[in-house]
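Participant: So that you have it, the file is work-v2.pdb, and it contains PDB, C-alpha atoms:
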```pdb
ATOM      1  CA  MET A   1     117.607  29.161 146.474
ATOM      2  CA  SER A   2     120.734  27.213 147.331
ATOM      3  CA  VAL A   3     123.138  27.303 144.401
ATOM      4  CA  THR A   4     126.653  25.987 144.761
ATOM      5  CA  ARG A   5     129.388  25.567 142.199
ATOM      6  CA  ARG A   6     131.964  22.813 142.289
ATOM      7  CA  ARG A   7     134.867  22.130 140.006
ATOM      8  CA  PHE A   8     135.616  18.618 138.836
ATOM      9  CA  ILE A   9     139.278  18.573 137.857
ATOM     10  CA  THR A  10     142.517  18.474 139.760
ATOM     11  CA  ILE A  11     145.665  19.127 137.774
ATOM     12  CA  THR A  12     148.965  17.575 138.740
ATOM     13  CA  ALA A  13     152.198  18.131 136.876
ATOM     14  CA  ALA A  14     154.053  14.896 136.231
ATOM     15  CA  ALA A  15     157.349  15.962 137.742
ATOM     16  CA  ALA A  16     159.075  14.933 140.946
ATOM     17  CA  GLY A  17     158.116  17.004 143.930
ATOM     18  CA  PHE A  18     155.586  19.203 142.173
ATOM     19  CA  SER A  19     151.832  19.197 142.318
ATOM     20  CA  LEU A  20     149.237  21.779 141.435
ATOM     21  CA  MET A  21     145.622  21.639 142.545
ATOM     22  CA  PRO A  22     143.981  24.877 141.398
ATOM     23  CA  ARG A  23     140.385  23.729 141.688
ATOM     24  CA  MET A  24     140.209  22.380 145.187
ATOM     25  CA  PRO A  25     139.549  24.863 148.002
ATOM     26  CA  GLY A  26     142.609  25.380 150.143
ATOM     27  CA  ALA A  27     144.979  23.584 147.754
ATOM     28  CA  ALA A  28     148.295  25.166 146.895
ATOM     29  CA  ALA A  29     151.275  24.675 144.650
ATOM     30  CA  GLN A  30     154.237  22.892 146.136
ATOM     31  CA  GLY A  31     157.750  23.165 144.847
ATOM     32  CA  GLY A  32     158.498  24.594 141.421
ATOM     33  CA  GLN A  33     159.996  24.030 138.012
ATOM     34  CA  ALA A  34     162.505  26.123 136.121
ATOM     35  CA  ASN A  35     161.127  28.262 133.290
ATOM     36  CA  LEU A  36     157.531  27.734 134.420
ATOM     37  CA  ARG A  37     155.503  30.901 135.013
ATOM     38  CA  SER A  38     152.033  30.760 136.550
ATOM     39  CA  TRP A  39     148.868  32.798 136.943
ATOM     40  CA  ARG A  40     145.699  32.094 138.883
ATOM     41  CA  GLY A  41     142.487  34.058 138.672
ATOM     42  CA  VAL A  42     138.874  33.919 137.574
ATOM     43  CA  ALA A  43     137.287  33.550 134.124
ATOM     44  CA  LEU A  44     133.522  33.807 133.688
ATOM     45  CA  GLY A  45     133.112  33.402 137.435
ATOM     46  CA  ALA A  46     135.125  30.173 137.648
ATOM     47  CA  ASP A  47     138.623  29.448 138.907
ATOM     48  CA  ALA A  48     141.192  29.860 136.129
ATOM     49  CA  MET A  49     144.863  29.026 135.811
ATOM     50  CA  LEU A  50     147.656  29.418 133.265
ATOM     51  CA  ARG A  51     151.139  27.902 133.293
ATOM     52  CA  ILE A  52     153.666  28.762 130.579
ATOM     53  CA  ASN A  53     157.054  27.175 130.034
ATOM     54  CA  HIS A  54     159.522  29.748 128.630
ATOM     55  CA  PRO A  55     163.219  30.433 129.332
ATOM     56  CA  ASP A  56     162.625  34.190 129.595
ATOM     57  CA  PRO A  57     160.312  35.034 132.509
ATOM     58  CA  LYS A  58     159.658  38.534 131.139
ATOM     59  CA  VAL A  59     158.379  37.091 127.875
ATOM     60  CA  ALA A  60     156.257  34.571 129.751
ATOM     61  CA  ASP A  61     154.793  37.313 131.936
ATOM     62  CA  ARG A  62     153.907  39.406 128.885
ATOM     63  CA  LEU A  63     152.153  36.412 127.370
ATOM     64  CA  ILE A  64     150.237  35.887 130.594
ATOM     65  CA  GLU A  65     149.169  39.534 130.480
ATOM     66  CA  ARG A  66     148.020  39.148 126.876
ATOM     67  CA  SER A  67     146.138  35.974 127.791
ATOM     68  CA  ILE A  68     144.347  37.690 130.657
ATOM     69  CA  ALA A  69     143.436  40.587 128.369
ATOM     70  CA  GLU A  70     141.977  38.097 125.889
ATOM     71  CA  VAL A  71     139.907  36.480 128.636
ATOM     72  CA  ARG A  72     138.574  39.842 129.779
ATOM     73  CA  ARG A  73     137.705  40.739 126.178
ATOM     74  CA  LEU A  74     135.732  37.512 125.767
ATOM     75  CA  GLU A  75     134.012  38.018 129.120
ATOM     76  CA  ARG A  76     132.680  41.316 127.781
ATOM     77  CA  ILE A  77     130.947  39.248 125.097
ATOM     78  CA  PHE A  78     129.807  36.094 126.891
ATOM     79  CA  SER A  79     129.164  36.998 130.528
ATOM     80  CA  LEU A  80     125.541  36.740 131.650
ATOM     81  CA  TYR A  81     126.211  38.821 134.739
ATOM     82  CA  ALA A  82     127.354  42.105 133.208
ATOM     83  CA  PRO A  83     124.448  44.102 131.746
ATOM     84  CA  ASP A  84     126.268  45.439 128.684
ATOM     85  CA  THR A  85     127.723  42.247 127.198
ATOM     86  CA  ALA A  86     126.541  41.020 123.813
ATOM     87  CA  ILE A  87     124.682  38.081 125.328
ATOM     88  CA  SER A  88     123.021  40.207 128.028
ATOM     89  CA  LEU A  89     121.837  42.728 125.445
ATOM     90  CA  LEU A  90     120.458  39.951 123.246
ATOM     91  CA  ASN A  91     118.624  38.318 126.142
ATOM     92  CA  ARG A  92     117.148  41.639 127.188
ATOM     93  CA  GLN A  93     116.240  42.990 123.744
ATOM     94  CA  GLY A  94     115.689  39.813 121.702
ATOM     95  CA  ARG A  95     117.919  41.203 118.973
ATOM     96  CA  ILE A  96     121.378  42.706 118.509
ATOM     97  CA  THR A  97     123.023  44.193 115.430
ATOM     98  CA  GLU A  98     126.657  43.946 114.358
ATOM     99  CA  PRO A  99     127.409  41.058 116.733
ATOM    100  CA  PRO A 100     131.071  40.442 117.640
ATOM    101  CA  ALA A 101     132.888  37.886 115.505
ATOM    102  CA  ASP A 102     133.502  35.613 118.509
ATOM    103  CA  PHE A 103     129.801  35.668 119.328
ATOM    104  CA  LEU A 104     128.914  34.566 115.787
ATOM    105  CA  ARG A 105     131.637  31.919 115.778
ATOM    106  CA  LEU A 106     130.496  30.368 119.029
ATOM    107  CA  LEU A 107     126.855  30.618 117.997
ATOM    108  CA  SER A 108     127.664  28.726 114.797
ATOM    109  CA  GLU A 109     129.688  26.074 116.621
ATOM    110  CA  SER A 110     126.898  25.661 119.165
ATOM    111  CA  GLU A 111     124.445  25.005 116.372
ATOM    112  CA  ASP A 112     126.778  22.347 114.968
ATOM    113  CA  TYR A 113     126.849  20.566 118.337
ATOM    114  CA  ALA A 114     123.077  20.860 118.677
ATOM    115  CA  ARG A 115     122.626  19.038 115.387
ATOM    116  CA  MET A 116     125.367  16.524 116.162
ATOM    117  CA  THR A 117     123.714  15.550 119.467
ATOM    118  CA  GLY A 118     120.114  15.487 118.261
ATOM    119  CA  GLY A 119     119.289  18.636 120.219
ATOM    120  CA  ALA A 120     120.772  17.521 123.552
ATOM    121  CA  PHE A 121     123.163  20.462 123.383
ATOM    122  CA  ASP A 122     121.140  23.661 123.235
ATOM    123  CA  ILE A 123     122.279  27.141 124.211
ATOM    124  CA  THR A 124     118.671  28.404 124.390
ATOM    125  CA  VAL A 125     117.938  26.698 127.745
ATOM    126  CA  GLN A 126     118.260  29.978 129.646
ATOM    127  CA  PRO A 127     114.435  30.134 130.180
ATOM    128  CA  LEU A 128     114.756  26.848 132.093
ATOM    129  CA  TRP A 129     117.469  28.339 134.283
ATOM    130  CA  ARG A 130     115.178  31.274 135.065
ATOM    131  CA  LEU A 131     112.301  28.908 135.811
ATOM    132  CA  TYR A 132     114.291  26.762 138.248
ATOM    133  CA  ALA A 133     115.959  29.748 139.908
ATOM    134  CA  GLU A 134     112.605  31.444 140.483
ATOM    135  CA  HIS A 135     110.973  28.215 141.651
ATOM    136  CA  PHE A 136     113.582  27.421 144.297
ATOM    137  CA  SER A 137     113.829  31.037 145.477
ATOM    138  CA  LYS A 138     110.304  30.791 146.891
ATOM    139  CA  PRO A 139     109.757  29.669 150.507
ATOM    140  CA  GLY A 140     108.396  26.129 150.691
ATOM    141  CA  ALA A 141     109.203  25.387 147.044
ATOM    142  CA  ASP A 142     108.296  21.886 145.869
ATOM    143  CA  LYS A 143     111.510  19.873 146.227
ATOM    144  CA  ASP A 144     110.682  18.036 142.998
ATOM    145  CA  GLY A 145     111.099  21.249 141.034
ATOM    146  CA  PRO A 146     108.765  23.129 138.686
ATOM    147  CA  SER A 147     105.538  21.454 137.617
ATOM    148  CA  ALA A 148     105.044  19.838 134.210
ATOM    149  CA  HIS A 149     102.880  22.792 133.198
ATOM    150  CA  GLU A 150     105.575  25.287 134.189
ATOM    151  CA  ARG A 151     108.242  23.332 132.337
ATOM    152  CA  ALA A 152     106.081  23.153 129.213
ATOM    153  CA  ARG A 153     105.569  26.909 129.306
ATOM    154  CA  ALA A 154     109.318  27.507 129.583
ATOM    155  CA  LEU A 155     110.057  24.974 126.834
ATOM    156  CA  ALA A 156     107.910  27.016 124.454
ATOM    157  CA  SER A 157     110.789  29.525 124.527
ATOM    158  CA  VAL A 158     113.543  26.930 124.002
ATOM    159  CA  GLY A 159     114.829  25.844 120.606
ATOM    160  CA  HIS A 160     118.265  26.187 119.017
ATOM    161  CA  ASP A 161     116.670  26.375 115.573
ATOM    162  CA  SER A 162     114.795  29.555 116.551
ATOM    163  CA  VAL A 163     117.840  31.806 116.671
ATOM    164  CA  ALA A 164     118.396  33.633 113.379
ATOM    165  CA  PHE A 165     121.835  35.090 112.791
ATOM    166  CA  ASP A 166     124.198  36.406 110.163
ATOM    167  CA  ALA A 167     127.047  38.895 110.097
ATOM    168  CA  SER A 168     124.672  41.802 110.644
ATOM    169  CA  ARG A 169     122.394  40.583 113.442
ATOM    170  CA  VAL A 170     121.314  37.902 115.916
ATOM    171  CA  GLU A 171     117.591  37.623 116.598
ATOM    172  CA  PHE A 172     115.223  35.421 118.581
ATOM    173  CA  MET A 173     112.316  34.008 116.608
ATOM    174  CA  ARG A 174     110.159  33.144 119.645
ATOM    175  CA  PRO A 175     109.061  35.284 122.587
ATOM    176  CA  GLY A 176     110.739  34.805 125.935
ATOM    177  CA  MET A 177     113.928  33.235 124.580
ATOM    178  CA  GLY A 178     117.339  33.538 126.175
ATOM    179  CA  LEU A 179     120.852  32.283 125.451
ATOM    180  CA  THR A 180     123.504  30.874 127.743
ATOM    181  CA  PHE A 181     126.962  29.830 126.592
ATOM    182  CA  ASN A 182     127.753  28.305 129.993
ATOM    183  CA  GLY A 183     128.069  24.826 128.466
ATOM    184  CA  ILE A 184     130.697  25.859 125.926
ATOM    185  CA  ALA A 185     132.137  29.348 126.525
ATOM    186  CA  GLN A 186     134.799  28.324 129.042
ATOM    187  CA  GLY A 187     136.130  25.731 126.623
ATOM    188  CA  TYR A 188     136.081  28.351 123.883
ATOM    189  CA  MET A 189     138.046  30.802 126.031
ATOM    190  CA  THR A 190     140.584  28.093 126.841
ATOM    191  CA  ASP A 191     141.069  27.454 123.126
ATOM    192  CA  ARG A 192     141.470  31.137 122.289
ATOM    193  CA  VAL A 193     144.191  31.528 124.925
ATOM    194  CA  THR A 194     145.881  28.352 123.680
ATOM    195  CA  GLU A 195     145.846  29.689 120.114
ATOM    196  CA  LEU A 196     147.383  32.947 121.312
ATOM    197  CA  LEU A 197     150.213  31.032 122.977
ATOM    198  CA  LEU A 198     150.765  28.823 119.941
ATOM    199  CA  ALA A 199     150.997  31.862 117.684
ATOM    200  CA  SER A 200     153.629  33.261 120.053
ATOM    201  CA  GLY A 201     155.810  30.161 119.753
ATOM    202  CA  ILE A 202     154.924  28.523 123.076
ATOM    203  CA  GLU A 203     155.268  24.750 122.897
ATOM    204  CA  ARG A 204     154.491  23.770 126.487
ATOM    205  CA  ALA A 205     151.670  25.239 128.547
ATOM    206  CA  LEU A 206     148.661  24.289 130.584
ATOM    207  CA  VAL A 207     145.588  26.447 130.049
ATOM    208  CA  ASP A 208     142.525  26.340 132.277
ATOM    209  CA  MET A 209     139.906  29.011 131.676
ATOM    210  CA  GLY A 210     137.170  26.846 133.147
ATOM    211  CA  GLU A 211     138.110  23.832 131.032
ATOM    212  CA  ILE A 212     141.584  22.423 130.542
ATOM    213  CA  ARG A 213     143.836  22.139 127.517
ATOM    214  CA  ALA A 214     147.430  20.943 127.550
ATOM    215  CA  LEU A 215     149.844  22.339 125.004
ATOM    216  CA  GLY A 216     152.645  19.861 124.549
ATOM    217  CA  GLU A 217     154.037  18.134 127.624
ATOM    218  CA  ASN A 218     155.017  19.580 130.957
ATOM    219  CA  PRO A 219     158.596  20.826 131.465
ATOM    220  CA  SER A 220     159.760  17.403 132.630
ATOM    221  CA  GLY A 221     158.841  15.946 129.236
ATOM    222  CA  GLU A 222     155.949  13.916 130.576
ATOM    223  CA  PRO A 223     152.222  14.457 129.961
ATOM    224  CA  TRP A 224     150.288  16.716 132.280
ATOM    225  CA  ARG A 225     148.265  14.686 134.764
ATOM    226  CA  VAL A 226     144.612  15.484 135.382
ATOM    227  CA  GLY A 227     142.658  13.942 138.215
ATOM    228  CA  ILE A 228     138.883  13.632 137.908
ATOM    229  CA  GLU A 229     136.891  14.018 141.099
ATOM    230  CA  ASP A 230     134.648  11.305 142.419
ATOM    231  CA  PRO A 231     131.132  12.817 142.099
ATOM    232  CA  ARG A 232     129.987  10.870 145.156
ATOM    233  CA  LYS A 233     132.951  12.115 147.221
ATOM    234  CA  PRO A 234     134.052  15.336 145.511
ATOM    235  CA  ASP A 235     137.071  15.792 147.775
ATOM    236  CA  ARG A 236     138.547  12.536 146.448
ATOM    237  CA  ILE A 237     140.232  11.922 143.099
ATOM    238  CA  ALA A 238     138.639   8.915 141.431
ATOM    239  CA  GLU A 239     140.931   8.532 138.424
ATOM    240  CA  THR A 240     143.811  10.229 136.659
ATOM    241  CA  VAL A 241     144.308  10.814 132.937
ATOM    242  CA  GLU A 242     147.300  12.175 131.044
ATOM    243  CA  LEU A 243     147.126  15.071 128.618
ATOM    244  CA  ALA A 244     149.527  16.170 125.890
ATOM    245  CA  ASN A 245     148.082  18.366 123.133
ATOM    246  CA  LEU A 246     144.648  17.399 124.357
ATOM    247  CA  ALA A 247     141.751  18.966 126.256
ATOM    248  CA  ILE A 248     139.395  17.651 128.907
ATOM    249  CA  ALA A 249     136.065  18.853 130.264
ATOM    250  CA  THR A 250     133.867  17.299 132.932
ATOM    251  CA  SER A 251     130.168  17.873 133.550
ATOM    252  CA  GLY A 252     128.186  16.679 136.523
ATOM    253  CA  GLY A 253     124.853  17.527 138.045
ATOM    254  CA  TYR A 254     126.524  18.075 141.404
ATOM    255  CA  GLY A 255     128.442  21.041 139.957
ATOM    256  CA  THR A 256     125.623  23.538 140.541
ATOM    257  CA  VAL A 257     122.468  22.533 142.388
ATOM    258  CA  PHE A 258     119.262  24.422 143.149
ATOM    259  CA  ASP A 259     118.084  22.454 146.186
ATOM    260  CA  PRO A 260     119.957  21.119 149.233
ATOM    261  CA  ALA A 261     119.346  17.503 148.194
ATOM    262  CA  GLY A 262     120.817  18.127 144.734
ATOM    263  CA  ARG A 263     117.780  16.751 142.904
ATOM    264  CA  SER A 264     117.686  19.687 140.482
ATOM    265  CA  ASN A 265     120.881  20.882 138.840
ATOM    266  CA  HIS A 266     122.232  23.169 136.143
ATOM    267  CA  ILE A 267     122.270  20.697 133.235
ATOM    268  CA  PHE A 268     118.902  21.150 131.555
ATOM    269  CA  ASP A 269     117.356  18.785 129.030
ATOM    270  CA  PRO A 270     115.983  21.050 126.267
ATOM    271  CA  ARG A 271     113.511  18.348 125.259
ATOM    272  CA  THR A 272     111.841  17.688 128.622
ATOM    273  CA  GLY A 273     112.739  20.631 130.841
ATOM    274  CA  LEU A 274     114.096  18.231 133.481
ATOM    275  CA  THR A 275     117.668  18.227 134.760
ATOM    276  CA  ALA A 276     120.361  15.619 134.193
ATOM    277  CA  ARG A 277     120.192  12.449 136.305
ATOM    278  CA  ARG A 278     121.384   9.803 133.837
ATOM    279  CA  TYR A 279     125.018   9.932 135.031
ATOM    280  CA  LEU A 280     126.837  11.249 138.073
ATOM    281  CA  GLY A 281     129.581  12.689 135.880
ATOM    282  CA  VAL A 282     130.771  12.778 132.275
ATOM    283  CA  SER A 283     134.276  13.620 131.069
ATOM    284  CA  VAL A 284     135.277  14.128 127.437
ATOM    285  CA  LEU A 285     138.816  14.220 126.063
ATOM    286  CA  ALA A 286     139.125  15.926 122.675
ATOM    287  CA  PRO A 287     141.608  17.978 120.644
ATOM    288  CA  SER A 288     139.847  21.234 121.564
ATOM    289  CA  ALA A 289     138.407  22.421 124.855
ATOM    290  CA  THR A 290     135.369  23.810 123.020
ATOM    291  CA  ARG A 291     134.494  20.348 121.758
ATOM    292  CA  ALA A 292     135.181  18.680 125.097
ATOM    293  CA  ASP A 293     133.064  21.267 126.911
ATOM    294  CA  ALA A 294     130.054  21.070 124.602
ATOM    295  CA  LEU A 295     130.031  17.291 124.382
ATOM    296  CA  SER A 296     130.480  16.660 128.111
ATOM    297  CA  THR A 297     127.362  18.796 128.582
ATOM    298  CA  ALA A 298     125.363  17.051 125.864
ATOM    299  CA  PHE A 299     126.520  13.538 126.784
ATOM    300  CA  SER A 300     125.143  14.088 130.296
ATOM    301  CA  LEU A 301     121.678  13.854 128.713
ATOM    302  CA  MET A 302     122.237  11.094 126.148
ATOM    303  CA  PRO A 303     122.138   7.273 126.305
ATOM    304  CA  LEU A 304     125.420   5.406 125.891
ATOM    305  CA  ASP A 305     124.666   4.011 122.449
ATOM    306  CA  GLU A 306     124.178   7.530 121.077
ATOM    307  CA  THR A 307     127.318   8.901 122.715
ATOM    308  CA  GLN A 308     129.378   5.948 121.463
ATOM    309  CA  ALA A 309     128.405   6.719 117.874
ATOM    310  CA  ILE A 310     129.674  10.299 118.252
ATOM    311  CA  VAL A 311     132.829   9.169 120.054
ATOM    312  CA  ARG A 312     133.697   6.834 117.190
ATOM    313  CA  ARG A 313     132.903   9.358 114.487
ATOM    314  CA  LEU A 314     135.006  12.113 116.045
ATOM    315  CA  GLY A 315     137.839   9.939 117.379
ATOM    316  CA  ILE A 316     137.526  11.230 120.951
ATOM    317  CA  GLU A 317     137.182   9.641 124.402
ATOM    318  CA  ALA A 318     134.317   9.844 126.884
ATOM    319  CA  ARG A 319     134.155   8.645 130.490
ATOM    320  CA  PHE A 320     130.909   8.126 132.400
ATOM    321  CA  VAL A 321     130.093   7.528 136.052
ATOM    322  CA  LEU A 322     126.753   5.751 136.418
ATOM    323  CA  PRO A 323     124.448   6.345 139.396
ATOM    324  CA  ASP A 324     125.679   3.152 141.049
ATOM    325  CA  GLY A 325     129.300   4.275 140.704
ATOM    326  CA  THR A 326     130.150   2.063 137.715
ATOM    327  CA  ARG A 327     132.659   3.679 135.362
ATOM    328  CA  ILE A 328     132.432   3.294 131.599
ATOM    329  CA  VAL A 329     135.062   4.465 129.104
ATOM    330  CA  GLN A 330     134.181   4.926 125.452
ATOM    331  CA  THR A 331     136.922   5.267 122.835
ATOM    332  CA  ALA A 332     137.056   5.399 119.067
TER     333      ALA A 332
END
```
Have the structure of the file written as structure tokens, please.
Facilitator:
Amino acid sequence: MSVTRRRFITITAAAAGFSLMPRMPGAAAQGGQANLRSWRGVALGADAMLRINHPDPKVADRLIERSIAEVRRLERIFSLYAPDTAISLLNRQGRITEPPADFLRLLSESEDYARMTGGAFDITVQPLWRLYAEHFSKPGADKDGPSAHERARALASVGHDSVAFDASRVEFMRPGMGLTFNGIAQGYMTDRVTELLLASGIERALVDMGEIRALGENPSGEPWRVGIEDPRKPDRIAETVELANLAIATSGGYGTVFDPAGRSNHIFDPRTGLTARRYLGVSVLAPSATRADALSTAFSLMPLDETQAIVRRLGIEARFVLPDGTRIVQTA
């Protein structure tokens, strides 16, 4: 199996002589700004970054430490790779009792997005991940992916409406089910860190725990600049957007692929068992990173007329790159 992970966003601070590119391999910060403290690391296996504007560096550093502690706490709930997290226990046992509050909150929000998108967003697609991973791990695997019969068998264990939960337990209602919060958890973690900073009186910060949220403007008083990669040439920035008190998330099939040709990717359609090929990339700008994250995932599987209806209803913005390279922007 050949699985690679790419990131889609380049962040640049709108200030003379300063640029930051935390997502591109080999990129580095240049220059600096007064009162701006930074951290780089990993959150849920992805590159992460935090920049806080505060006149007291000791206070800023303590807030960075608290933010990292919050990320590590959430990882102990949402990580699929540690055996003792809440989600790993649920996937292994089919049931957990006394689930963490954050688990229930994100489960409830995920269900809201599933209903909003007509089932395009579905956190129960983990059986499809297992199917594709197993398929492409075999020598001589069919490059077209699992057969229709294999997909149908996996889809029998997929369905957001088959997860029962309340304050006392979370339980699968079908055999073979599994959850993944990979299409929403990084946005959720970004929002929790942002809320922590807001509660501490921070007015200007840039938070990236896998998805990006700008708190206020950058120290120069201008919006933070975010460059979106060209999915056909990922080392090139295709367009730049400005963020102030806004979040952005980008989804693209080229982010994680199972085969060298990139025909099968990590964005699974819970209705067909196939992977996303409708667009090369989808970016969503929204007030929260959770919303941007979930909807960029779901929009990757939806036709433009359906996404436009949601964009208008929620007052957000969505950007699409079609297979021929055409770019479409939807606004409210």
Participant: Could you name the residues that touch Ile202 (chain A) at 10 Å or less, counting only C-alpha atoms, but leaving out those on the same chain fewer than 6 positions away, as a PDB file with C-alpha atoms, in the coordinates of the input?
Facilitator:
```
ATOM      1  CA  ILE A  52     153.666  28.762 130.579  1.00  0.00           C
ATOM      2  CA  ASN A  53     157.054  27.175 130.034  1.00  0.00           C
ATOM      3  CA  HIS A  54     159.522  29.748 128.630  1.00  0.00           C
ATOM      4  CA  ALA A  60     156.257  34.571 129.751  1.00  0.00           C
ATOM      5  CA  LEU A  63     152.153  36.412 127.370  1.00  0.00           C
ATOM      6  CA  THR A 194     145.881  28.352 123.680  1.00  0.00           C
ATOM      7  CA  GLU A 195     145.846  29.689 120.114  1.00  0.00           C
ATOM      8  CA  LEU A 196     147.383  32.947 121.312  1.00  0.00           C
ATOM      9  CA  LEU A 215     149.844  22.339 125.004  1.00  0.00           C
ATOM     10  CA  GLY A 216     152.645  19.861 124.549  1.00  0.00           C
TER      11      GLY A 216
END
```
Participant: Could you tell me which of A:Arg95, A:Glu111, A:Met177, A:Leu44 comes closest to Phe78 (chain A) if we count all atoms listed in the file?
Facilitator: A:Leu44
Participant: Taking all atoms listed in the file into account, which of A:Pro323, A:Gly252, A:Pro127, A:Gly178 comes nearest Ala298 (chain A)?
Facilitator: A:Gly252
Participant: Work out how far CA of Val193 (chain A) is from CA of Ile68 (chain A), in Å to one decimal.
Facilitator: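 CA of Val193 (chain A) lies 8.4 Å from CA of Ile68 (chain A).
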Participant: Could you list the residues chosen by the PyMOL selection byres ((chain A and resi 47) around 8) in this structure as a PyMOL selection string?
Facilitator: chain A and resi 22-23+40-43+45-46+48-49+209-210
Participant: Pick out the residues sitting within 12 Å of Asp112 (chain A), and hand them over as a PDB file with C-alpha atoms, in the coordinates of the input; count all atoms listed in the file, and ignore anything fewer than 5 positions along from it in its own chain.
Facilitator:
```pdb
ATOM      1  CA  ARG A 105     131.637  31.919 115.778  1.00  0.00           C
ATOM      2  CA  LEU A 106     130.496  30.368 119.029  1.00  0.00           C
ATOM      3  CA  LEU A 107     126.855  30.618 117.997  1.00  0.00           C
ATOM      4  CA  THR A 117     123.714  15.550 119.467  1.00  0.00           C
ATOM      5  CA  GLY A 118     120.114  15.487 118.261  1.00  0.00           C
ATOM      6  CA  GLY A 119     119.289  18.636 120.219  1.00  0.00           C
ATOM      7  CA  ALA A 120     120.772  17.521 123.552  1.00  0.00           C
ATOM      8  CA  PHE A 121     123.163  20.462 123.383  1.00  0.00           C
ATOM      9  CA  ASP A 122     121.140  23.661 123.235  1.00  0.00           C
ATOM     10  CA  ILE A 123     122.279  27.141 124.211  1.00  0.00           C
ATOM     11  CA  HIS A 160     118.265  26.187 119.017  1.00  0.00           C
ATOM     12  CA  ASP A 161     116.670  26.375 115.573  1.00  0.00           C
ATOM     13  CA  THR A 290     135.369  23.810 123.020  1.00  0.00           C
ATOM     14  CA  ARG A 291     134.494  20.348 121.758  1.00  0.00           C
ATOM     15  CA  ALA A 294     130.054  21.070 124.602  1.00  0.00           C
ATOM     16  CA  LEU A 295     130.031  17.291 124.382  1.00  0.00           C
TER      17      LEU A 295
END
```
Participant: Select from region 138-241 of chain A every residue with an atom at most 12 Å from any atom of region 100-104 of chain A, then for each give the shortest pair of atoms and their distance in Å to one decimal, using only C-alpha atoms, rows by chain and rising number, as JSON lines.
Facilitator:
```
{"residue": "A:Val163", "atom": "CA", "partner": "A:Leu104", "partner_atom": "CA", "distance": 11.4}
{"residue": "A:Ala164", "atom": "CA", "partner": "A:Leu104", "partner_atom": "CA", "distance": 10.8}
{"residue": "A:Phe165", "atom": "CA", "partner": "A:Leu104", "partner_atom": "CA", "distance": 7.7}
{"residue": "A:Asp166", "atom": "CA", "partner": "A:Leu104", "partner_atom": "CA", "distance": 7.6}
{"residue": "A:Ala167", "atom": "CA", "partner": "A:Leu104", "partner_atom": "CA", "distance": 7.4}
{"residue": "A:Ser168", "atom": "CA", "partner": "A:Pro100", "partner_atom": "CA", "distance": 9.6}
{"residue": "A:Arg169", "atom": "CA", "partner": "A:Leu104", "partner_atom": "CA", "distance": 9.2}
{"residue": "A:Val170", "atom": "CA", "partner": "A:Leu104", "partner_atom": "CA", "distance": 8.3}
{"residue": "A:Glu171", "atom": "CA", "partner": "A:Leu104", "partner_atom": "CA", "distance": 11.8}
{"residue": "A:Leu179", "atom": "CA", "partner": "A:Phe103", "partner_atom": "CA", "distance": 11.4}
{"residue": "A:Thr180", "atom": "CA", "partner": "A:Phe103", "partner_atom": "CA", "distance": 11.6}
{"residue": "A:Phe181", "atom": "CA", "partner": "A:Phe103", "partner_atom": "CA", "distance": 9.7}
{"residue": "A:Ile184", "atom": "CA", "partner": "A:Phe103", "partner_atom": "CA", "distance": 11.9}
{"residue": "A:Ala185", "atom": "CA", "partner": "A:Phe103", "partner_atom": "CA", "distance": 9.9}
{"residue": "A:Tyr188", "atom": "CA", "partner": "A:Asp102", "partner_atom": "CA", "distance": 9.4}
{"residue": "A:Met189", "atom": "CA", "partner": "A:Asp102", "partner_atom": "CA", "distance": 10.0}
{"residue": "A:Arg192", "atom": "CA", "partner": "A:Asp102", "partner_atom": "CA", "distance": 9.9}
```
Participant: Output C-alpha atoms of each residue in that selection to a file, as a tab-separated table (two decimals), in the frame of the given file.
Facilitator:
```
chain	number	residue	atom	x	y	z
A	163	VAL	CA	117.84	31.81	116.67
A	164	ALA	CA	118.40	33.63	113.38
A	165	PHE	CA	121.84	35.09	112.79
A	166	ASP	CA	124.20	36.41	110.16
A	167	ALA	CA	127.05	38.90	110.10
A	168	SER	CA	124.67	41.80	110.64
A	169	ARG	CA	122.39	40.58	113.44
A	170	VAL	CA	121.31	37.90	115.92
A	171	GLU	CA	117.59	37.62	116.60
A	179	LEU	CA	120.85	32.28	125.45
A	180	THR	CA	123.50	30.87	127.74
A	181	PHE	CA	126.96	29.83	126.59
A	184	ILE	CA	130.70	25.86	125.93
A	185	ALA	CA	132.14	29.35	126.52
A	188	TYR	CA	136.08	28.35	123.88
A	189	MET	CA	138.05	30.80	126.03
A	192	ARG	CA	141.47	31.14	122.29
```
Participant: Run through the PyMOL selection byres ((chain A and resi 314) around 12) on the given coordinates and return the selected residues as JSON, numbers by chain.
Facilitator: {"A": [113, 116, 284, 285, 286, 287, 288, 291, 292, 295, 307, 308, 309, 310, 311, 312, 313, 315, 316, 317, 318, 330, 331, 332]}
Participant: What is the distance between CA of Leu155 (chain A) and CA of Leu80 (chain A), in Å to one decimal?
Facilitator: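 That distance, rounded to one decimal, is 20.0 Å.
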Participant: Nearest residue to Asp324 (chain A) out of A:Gly94, A:Gly140, A:Gly281, A:Pro260, using all atoms listed in the file?
Facilitator: A:Gly281
